[in-house]
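Q: Data: work-v4.txt, compact mmCIF, C-alpha atoms.
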# COMPACT_ATOMS: atom_id res chain seq x y z
CA MET N 1 178.48 16.05 96.75
CA ASN N 2 181.40 18.31 97.74
CA LYS N 3 181.23 20.61 100.77
CA SER N 4 180.54 23.74 98.72
CA ALA N 5 177.62 22.11 96.92
CA ALA N 6 176.29 20.65 100.18
CA ASP N 7 176.45 24.06 101.87
CA LYS N 8 174.64 25.65 98.95
CA ASP N 9 171.95 22.98 99.04
CA PHE N 10 171.52 23.43 102.79
CA PHE N 11 171.23 27.21 102.48
CA SER N 12 168.80 26.91 99.57
CA LYS N 13 166.49 24.86 101.78
CA ARG N 14 167.05 27.33 104.63
CA MET N 15 166.05 30.24 102.39
CA ILE N 16 162.90 28.46 101.29
CA GLN N 17 162.04 27.88 104.95
CA ILE N 18 162.63 31.59 105.70
CA LEU N 19 160.38 32.69 102.83
CA ASN N 20 157.63 30.29 103.89
CA ASP N 21 157.86 31.25 107.57
CA GLY N 22 157.79 34.97 106.75
CA ALA N 23 154.65 34.43 104.70
CA LEU N 24 153.10 32.36 107.48
CA ASN N 25 153.74 35.12 110.00
CA LEU N 26 151.83 37.60 107.84
CA ALA N 27 148.92 35.21 107.32
CA LEU N 28 148.81 34.35 111.02
CA ALA N 29 148.71 38.06 111.85
CA ILE N 30 145.69 38.44 109.56
CA GLY N 31 144.07 35.40 111.15
CA TYR N 32 144.64 36.84 114.60
CA GLN N 33 143.40 40.33 113.76
CA THR N 34 140.26 39.15 111.95
CA GLY N 35 139.38 36.66 114.67
CA LEU N 36 139.69 33.68 112.32
CA LEU N 37 142.09 31.85 114.63
CA ASP N 38 139.85 32.36 117.65
CA THR N 39 136.84 31.12 115.68
CA MET N 40 138.68 28.06 114.37
CA ASP N 41 139.65 27.30 117.96
CA LEU N 42 135.97 27.10 118.96
CA PHE N 43 135.17 24.30 116.55
CA GLU N 44 135.21 20.81 118.04
CA ASN N 45 135.10 19.20 114.60
CA PRO N 46 136.52 19.98 111.13
CA GLN N 47 134.51 22.61 109.25
CA THR N 48 133.73 23.48 105.66
CA LEU N 49 134.64 26.82 104.12
CA GLU N 50 130.99 27.82 104.20
CA GLY N 51 130.72 26.92 107.89
CA ILE N 52 133.76 29.03 108.76
CA SER N 53 132.45 31.95 106.72
CA ALA N 54 129.01 31.74 108.35
CA LYS N 55 130.53 31.69 111.84
CA THR N 56 132.94 34.58 111.24
CA GLY N 57 130.86 36.71 108.88
CA LEU N 58 133.94 37.08 106.67
CA ASN N 59 134.18 36.78 102.89
CA PRO N 60 134.55 33.12 101.82
CA ARG N 61 136.94 33.85 98.93
CA TYR N 62 139.40 35.60 101.24
CA ILE N 63 139.00 32.85 103.83
CA LYS N 64 139.69 30.18 101.19
CA GLU N 65 143.04 31.73 100.29
CA TRP N 66 143.96 32.14 103.96
CA LEU N 67 143.07 28.50 104.61
CA GLY N 68 145.49 27.54 101.82
CA VAL N 69 148.30 29.25 103.72
CA MET N 70 147.33 27.64 107.00
CA VAL N 71 147.07 24.12 105.57
CA THR N 72 150.32 24.20 103.57
CA GLY N 73 152.01 25.82 106.55
CA GLU N 74 150.87 22.91 108.73
CA ILE N 75 148.86 25.08 111.10
CA LEU N 76 145.45 23.68 110.12
CA GLU N 77 144.62 20.04 109.37
CA LEU N 78 142.92 19.24 106.06
CA SER N 79 140.40 16.41 105.59
CA ARG N 80 137.41 15.77 103.33
CA THR N 81 133.73 14.95 103.55
CA PRO N 82 132.47 11.75 101.90
CA ASP N 83 131.48 13.99 98.96
CA GLY N 84 135.03 15.28 98.61
CA GLU N 85 134.48 18.75 100.12
CA ASN N 86 137.43 20.16 102.05
CA LEU N 87 137.27 20.30 105.84
CA TYR N 88 139.54 22.42 108.05
CA TYR N 89 140.50 22.01 111.70
CA LEU N 90 142.76 23.87 114.15
CA PRO N 91 144.28 21.30 116.54
CA LYS N 92 143.87 22.23 120.20
CA HIS N 93 147.62 22.20 120.82
CA CYS N 94 147.94 24.96 118.19
CA GLY N 95 145.07 26.94 119.67
CA ASP N 96 146.82 26.71 123.03
CA LEU N 97 149.54 29.00 121.61
CA LEU N 98 147.85 31.03 118.87
CA THR N 99 144.61 32.37 120.31
CA ARG N 100 143.47 34.93 122.83
CA ARG N 101 142.39 32.21 125.26
CA ALA N 102 146.05 31.18 125.56
CA GLY N 103 146.75 33.96 128.08
CA ASN N 104 150.45 34.22 128.95
CA ALA N 105 151.24 31.40 126.47
CA ASN N 106 149.78 33.42 123.58
CA LEU N 107 152.36 33.67 120.79
CA GLY N 108 149.80 34.48 118.11
CA VAL N 109 149.56 38.10 119.26
CA TYR N 110 153.24 38.64 118.40
CA THR N 111 152.67 37.79 114.73
CA GLN N 112 151.31 41.33 114.33
CA GLU N 113 154.65 43.00 115.13
CA MET N 114 156.50 42.45 111.84
CA PRO N 115 153.64 43.58 109.56
CA LEU N 116 153.10 46.68 111.73
CA LEU N 117 156.79 47.57 111.78
CA THR N 118 157.10 47.05 108.03
CA ALA N 119 154.14 49.34 107.33
CA SER N 120 155.32 51.91 109.86
CA ALA N 121 159.02 52.32 109.26
CA MET N 122 160.51 50.18 106.48
CA GLU N 123 161.40 53.11 104.23
CA ALA N 124 162.64 55.28 107.11
CA VAL N 125 164.87 52.49 108.44
CA VAL N 126 166.32 51.83 104.98
CA ARG N 127 167.13 55.55 104.70
CA GLY N 128 168.75 55.36 108.12
CA PHE N 129 171.28 52.82 106.85
CA LYS N 130 172.71 55.60 104.67
CA SER N 131 172.17 58.67 106.84
CA GLY N 132 172.63 57.17 110.30
CA ALA N 133 169.63 59.21 111.43
CA GLY N 134 167.08 57.91 113.90
CA VAL N 135 163.39 57.37 113.24
CA THR N 136 160.95 59.47 115.27
CA TYR N 137 157.98 58.09 117.19
CA ASP N 138 155.51 59.73 114.84
CA HIS N 139 156.28 56.97 112.32
CA TYR N 140 154.85 54.34 114.68
CA PRO N 141 151.32 55.27 115.82
CA LYS N 142 149.76 51.87 115.07
CA PHE N 143 152.75 49.96 116.41
CA GLN N 144 152.82 52.06 119.59
CA LYS N 145 149.10 51.46 120.09
CA PHE N 146 149.63 47.72 119.66
CA MET N 147 152.56 47.63 122.10
CA CYS N 148 150.61 49.64 124.68
CA GLU N 149 147.72 47.19 124.42
CA LEU N 150 150.15 44.29 124.79
CA ALA N 151 151.81 45.81 127.86
CA ASP N 152 148.46 46.75 129.37
CA ALA N 153 147.18 43.20 129.01
CA LYS N 154 150.34 41.86 130.66
CA HIS N 155 150.04 44.33 133.54
CA ARG N 156 146.43 43.32 134.14
CA ARG N 157 147.41 39.65 134.30
CA VAL N 158 150.56 39.75 136.41
CA LEU N 159 151.45 43.14 137.95
CA VAL N 160 149.44 43.12 141.18
CA ASP N 161 149.04 39.37 141.65
CA LYS N 162 152.51 38.12 140.66
CA PHE N 163 155.13 40.79 140.00
CA LEU N 164 154.76 43.14 142.98
CA PRO N 165 154.42 40.34 145.58
CA ALA N 166 157.80 39.02 144.42
CA VAL N 167 159.65 42.36 144.79
CA ASP N 168 162.09 42.59 147.69
CA ASP N 169 161.11 39.10 148.84
CA GLY N 170 157.54 40.22 149.42
CA ARG N 171 158.34 43.18 151.64
CA LEU N 172 157.36 45.83 149.09
CA VAL N 173 153.65 44.99 149.11
CA GLY N 174 153.42 45.55 152.85
CA ARG N 175 155.06 48.94 152.49
CA MET N 176 152.69 49.88 149.66
CA GLN N 177 149.73 48.84 151.78
CA ALA N 178 150.98 51.08 154.58
CA GLY N 179 151.68 53.99 152.23
CA ILE N 180 154.75 55.02 150.21
CA ARG N 181 155.47 57.25 147.19
CA VAL N 182 155.79 55.41 143.87
CA CYS N 183 156.79 56.64 140.40
CA ASP N 184 156.37 54.83 137.06
CA LEU N 185 158.76 56.17 134.42
CA GLY N 186 157.62 55.96 130.81
CA CYS N 187 154.10 55.34 132.07
CA ALA N 188 152.35 55.84 128.69
CA GLU N 189 148.60 55.85 129.33
CA GLY N 190 149.05 54.80 132.94
CA VAL N 191 147.54 51.32 133.10
CA ALA N 192 150.17 50.00 135.53
CA LEU N 193 149.68 53.04 137.75
CA LEU N 194 145.90 52.80 137.69
CA LEU N 195 146.12 49.18 138.81
CA MET N 196 148.57 50.00 141.60
CA ALA N 197 146.72 53.11 142.76
CA LYS N 198 143.45 51.21 143.13
CA THR N 199 145.12 48.30 144.90
CA PHE N 200 147.15 50.43 147.33
CA PRO N 201 144.99 53.46 148.26
CA ARG N 202 147.34 54.58 151.07
CA SER N 203 150.27 55.01 148.69
CA ARG N 204 150.78 57.97 146.37
CA PHE N 205 151.62 57.42 142.70
CA VAL N 206 153.12 59.62 139.99
CA GLY N 207 153.48 58.79 136.30
CA ILE N 208 156.11 60.43 134.10
CA ASP N 209 156.12 60.36 130.31
CA ILE N 210 157.29 62.62 127.51
CA SER N 211 154.08 62.19 125.49
CA LYS N 212 151.47 64.88 126.16
CA ASP N 213 148.78 62.83 124.42
CA ALA N 214 149.48 59.72 126.52
CA ILE N 215 149.45 61.72 129.74
CA ALA N 216 146.20 63.45 128.76
CA LYS N 217 144.56 60.04 128.21
CA ALA N 218 145.93 58.80 131.54
CA GLN N 219 144.53 61.85 133.34
CA ARG N 220 141.10 61.40 131.75
CA GLU N 221 141.00 57.74 132.79
CA THR N 222 142.10 58.63 136.32
CA ARG N 223 139.23 61.10 136.62
CA ARG N 224 136.78 58.63 135.11
CA GLN N 225 137.70 56.01 137.70
CA HIS N 226 137.67 58.60 140.53
CA ILE N 227 141.21 57.75 141.63
CA ASN N 228 142.60 60.39 143.97
CA ASN N 229 146.10 59.08 144.80
CA LEU N 230 147.56 59.33 141.30
CA ASP N 231 149.16 62.25 139.42
CA PHE N 232 150.96 62.61 136.11
CA MET N 233 153.78 64.77 134.78
CA VAL N 234 154.93 65.46 131.21
CA LEU N 235 158.72 65.36 131.51
CA ASP N 236 161.76 64.28 129.53
CA ALA N 237 163.29 61.70 131.85
CA ALA N 238 166.79 62.59 130.65
CA PHE N 239 166.52 65.82 132.66
CA LEU N 240 165.22 64.36 135.92
CA LYS N 241 168.51 64.99 137.68
CA ASP N 242 168.04 68.74 137.13
CA ASN N 243 164.68 68.69 138.93
CA LEU N 244 165.38 69.68 142.54
CA GLU N 245 161.71 69.39 143.55
CA LEU N 246 161.74 65.66 142.80
CA LYS N 247 165.05 64.91 144.53
CA GLU N 248 164.75 61.88 146.84
CA SER N 249 160.96 62.06 146.68
CA PHE N 250 160.07 58.43 145.82
CA ASP N 251 160.42 55.20 147.76
CA TYR N 252 159.91 52.98 144.71
CA VAL N 253 160.38 53.62 140.98
CA THR N 254 159.41 51.34 138.08
CA ALA N 255 160.36 51.36 134.41
CA PHE N 256 158.65 48.70 132.32
CA ASP N 257 160.46 48.12 129.00
CA ALA N 258 161.17 51.85 128.84
CA ILE N 259 164.92 52.33 129.27
CA HIS N 260 166.29 50.72 126.10
CA ASP N 261 164.24 53.11 123.90
CA GLN N 262 165.65 56.23 125.58
CA THR N 263 167.94 58.50 123.57
CA ARG N 264 169.98 59.22 126.72
CA PRO N 265 169.53 56.12 128.86
CA LEU N 266 172.40 56.79 131.26
CA ALA N 267 171.03 60.25 132.03
CA VAL N 268 167.63 58.67 132.69
CA LEU N 269 169.11 56.11 135.07
CA ARG N 270 171.01 58.85 136.89
CA GLY N 271 167.76 60.77 137.12
CA ILE N 272 166.03 57.77 138.67
CA TYR N 273 168.79 57.53 141.26
CA HIS N 274 168.30 61.26 141.91
CA ILE N 275 164.54 60.98 142.59
CA LEU N 276 164.84 57.89 144.81
CA ALA N 277 164.86 58.38 148.56
CA PRO N 278 167.72 56.84 150.57
CA ASP N 279 167.27 53.06 150.60
CA GLY N 280 164.71 53.47 147.78
CA LEU N 281 163.99 50.63 145.36
CA PHE N 282 164.07 50.62 141.55
CA SER N 283 162.54 47.90 139.35
CA MET N 284 163.77 48.06 135.77
CA VAL N 285 162.00 45.48 133.63
CA ASP N 286 163.79 44.98 130.33
CA ILE N 287 164.44 42.34 127.71
CA ALA N 288 166.02 39.04 128.76
CA ALA N 289 169.17 38.90 126.64
CA GLU N 290 172.94 39.06 126.91
CA SER N 291 175.08 41.96 125.68
CA ASN N 292 177.49 39.80 123.64
CA LEU N 293 175.98 38.69 120.33
CA ALA N 294 177.64 35.28 120.56
CA ASP N 295 175.86 34.69 123.89
CA ASN N 296 172.49 35.22 122.19
CA PHE N 297 173.15 32.66 119.47
CA ASP N 298 170.87 30.12 121.18
CA HIS N 299 168.22 32.67 122.23
CA PRO N 300 164.93 31.06 121.17
CA MET N 301 163.63 34.35 119.70
CA GLY N 302 166.92 36.00 118.76
CA PRO N 303 166.13 36.86 115.11
CA PHE N 304 162.68 38.15 116.03
CA LEU N 305 163.91 40.39 118.86
CA TYR N 306 166.88 41.75 116.93
CA THR N 307 164.51 42.60 114.07
CA VAL N 308 162.09 44.42 116.37
CA SER N 309 165.10 46.32 117.67
CA LEU N 310 166.32 47.12 114.15
CA MET N 311 162.91 48.34 113.05
CA HIS N 312 161.93 50.28 116.19
CA CYS N 313 163.95 50.31 119.43
CA MET N 314 167.35 51.17 117.98
CA PRO N 315 166.22 53.85 115.48
CA VAL N 316 163.99 55.68 117.99
CA GLY N 317 166.94 55.64 120.38
CA LEU N 318 169.13 57.30 117.73
CA VAL N 319 166.91 60.39 117.34
CA ASP N 320 168.76 63.67 117.98
CA GLY N 321 172.09 61.91 118.19
CA GLY N 322 170.90 59.49 120.87
CA ALA N 323 172.62 56.37 122.15
CA GLY N 324 170.56 53.92 120.08
CA LEU N 325 170.91 51.12 122.65
CA GLY N 326 168.43 48.81 120.99
CA MET N 327 166.29 46.16 122.60
CA MET N 328 169.12 43.62 122.80
CA TRP N 329 171.49 45.78 124.86
CA GLY N 330 171.62 42.88 127.29
CA ARG N 331 172.19 42.01 130.91
CA GLU N 332 175.88 42.97 131.18
CA LYS N 333 175.51 46.43 129.64
CA ALA N 334 172.39 47.12 131.69
CA VAL N 335 174.17 46.21 134.93
CA ASP N 336 177.21 48.34 133.98
CA MET N 337 174.99 51.36 133.26
CA LEU N 338 173.04 50.93 136.48
CA LYS N 339 176.33 50.88 138.40
CA GLU N 340 177.52 53.97 136.51
CA ALA N 341 174.26 55.70 137.42
CA GLY N 342 175.05 55.15 141.09
CA PHE N 343 173.28 51.94 142.08
CA PRO N 344 175.56 49.81 144.28
CA LYS N 345 173.21 46.84 144.72
CA ILE N 346 171.74 45.20 141.62
CA LYS N 347 170.03 41.82 141.27
CA VAL N 348 169.07 40.37 137.90
CA LEU N 349 165.98 38.25 138.47
CA GLU N 350 163.66 36.17 136.34
CA ILE N 351 160.03 37.31 136.37
CA PRO N 352 157.12 34.97 137.18
CA ALA N 353 155.01 34.38 134.06
CA ASP N 354 157.22 36.61 131.87
CA PRO N 355 159.96 34.74 129.96
CA PHE N 356 160.70 37.76 127.75
CA ASN N 357 162.13 40.05 130.44
CA PHE N 358 164.57 40.33 133.32
CA HIS N 359 163.83 42.23 136.51
CA PHE N 360 166.82 44.44 137.32
CA PHE N 361 166.18 45.11 140.99
CA CYS N 362 168.20 47.94 142.49
CA ARG N 363 168.49 49.54 145.91
CA LYS N 364 169.84 53.05 146.44
Once you've parsed the file, please lay out its structure as structure tokens.
A:
Amino acid sequence: MNKSAADKDFFSKRMIQILNDGALNLALAIGYQTGLLDTMDLFENPQTLEGISAKTGLNPRYIKEWLGVMVTGEILELSRTPDGENLYYLPKHCGDLLTRRAGNANLGVYTQEMPLLTASAMEAVVRGFKSGAGVTYDHYPKFQKFMCELADAKHRRVLVDKFLPAVDDGRLVGRMQAGIRVCDLGCAEGVALLLMAKTFPRSRFVGIDISKDAIAKAQRETRRQHINNLDFMVLDAAFLKDNLELKESFDYVTAFDAIHDQTRPLAVLRGIYHILAPDGLFSMVDIAAESNLADNFDHPMGPFLYTVSLMHCMPVGLVDGGAGLGMMWGREKAVDMLKEAGFPKIKVLEIPADPFNFHFFCRK
């Protein structure tokens, strides 16, 4: 076989793998959302179709077709009863990565992203290839809800117990216990702030977000929990530098996966520098990637993350002539922008229990 024929044969097999894996992602997302994967994980022994249906309360005909995907995709193991009836089993090593019990190792939850993005914005993104226009947030209500839930779950697992104790070599927590002013930028519905405000009652917290609906929900939850050291503001972070009342008013600012979606990210970073007190600290948590495409060639989730960026992060960042940074803007560009915003001291740190992100730790 000549090289051209060998290359074609290789790519044919690669394309078949891509088609099969794309289909598996969709079926896994359905299995995750319906609870089928979690139920399969509970079984100690292989089960019949009827047993799975009885346990889940789901329609057996739909389950049967889903099981076909899972077996041929080598997610579930297939065996038979002595009478020849099919039996299905989810190996524990698969459940360790696919189900809700997996905690920080849970990859199954991410199978929902591609179906949600396709339903939300496929047509708008295709139009954007011709027009160059961005795609507004109102295309993504279900995806935004999913991402908020994902971020909230991560905050509840790691923010207070793992992330904050590691900031500034452990010194930050002592200062928060004594009482400082803290701002979370792009706070959404305020879960991170609620956790911090309850944990550090002597500190004062402020959440900033452009979404009136998100802030309204955050305020309702704050009242419900009777938290008195937490306030919220509806502001466009790109104009923070124009706000004289907030100048040098915070000792610590956080931005969790919020900067790369901004239409004017440099203005936002300059605004953060503006609101930080002298010697103030800034924690920017953003995607762990490099700015040069060639340096991401071996990234274990490169195609996935670039696709999420193509379908969401980049187009929302292009709205109103925005920068359109995209999720994969990378370490080097992030550091350069932080320096341009005024930060002289920047450390790029790995985050305990979070392989997806870097912690860009800055001191004013």
Q: Which residues are close to stretch 268-284 of chain N, i.e. within 8 Å by only C-alpha atoms, leaving aside same-chain residues fewer than 4 positions away? Reply as a ChimeraX atom specification.
A: /N:237-242,246-257,259,262,264,337-338,341-343,359-364
Q: Calculated over only C-alpha atoms, which of the candidates N:Leu116, N:Ile215, N:Leu164, N:Ile180 has the smallest distance to N:Lys145?
A: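 Nearest candidate to N:Lys145 out of N:Leu116, N:Ile215, N:Leu164, N:Ile180: N:Leu116.
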Q: If you measure from atom CA of N:Arg202 to atom CA of N:Lys217, what distance in Å do you get, rounded to one decimal?
A: 23.7 Å
Q: What does the structure give for the distance between atom CA of N:Ser79 and atom CA of N:Val109, in Å to one decimal?
A: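 Computed distance, atom CA of N:Ser79 to atom CA of N:Val109, equals 27.2 Å.
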Q: Residues within 10 Å of N:Pro201, please, as a PyMOL selection string. Count only C-alpha atoms; anything in the same chain fewer than 3 positions from it doesn't count.
A: chain N and resi 176-179+196-198+204-205+227-230
Q: Report, in Å to a single decimal, how far apart atom CA of N:Glu340 and atom CA of N:Cys187 are.
A: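 Value for the atom CA of N:Cys187-atom CA of N:Glu340 distance: 23.9 Å.
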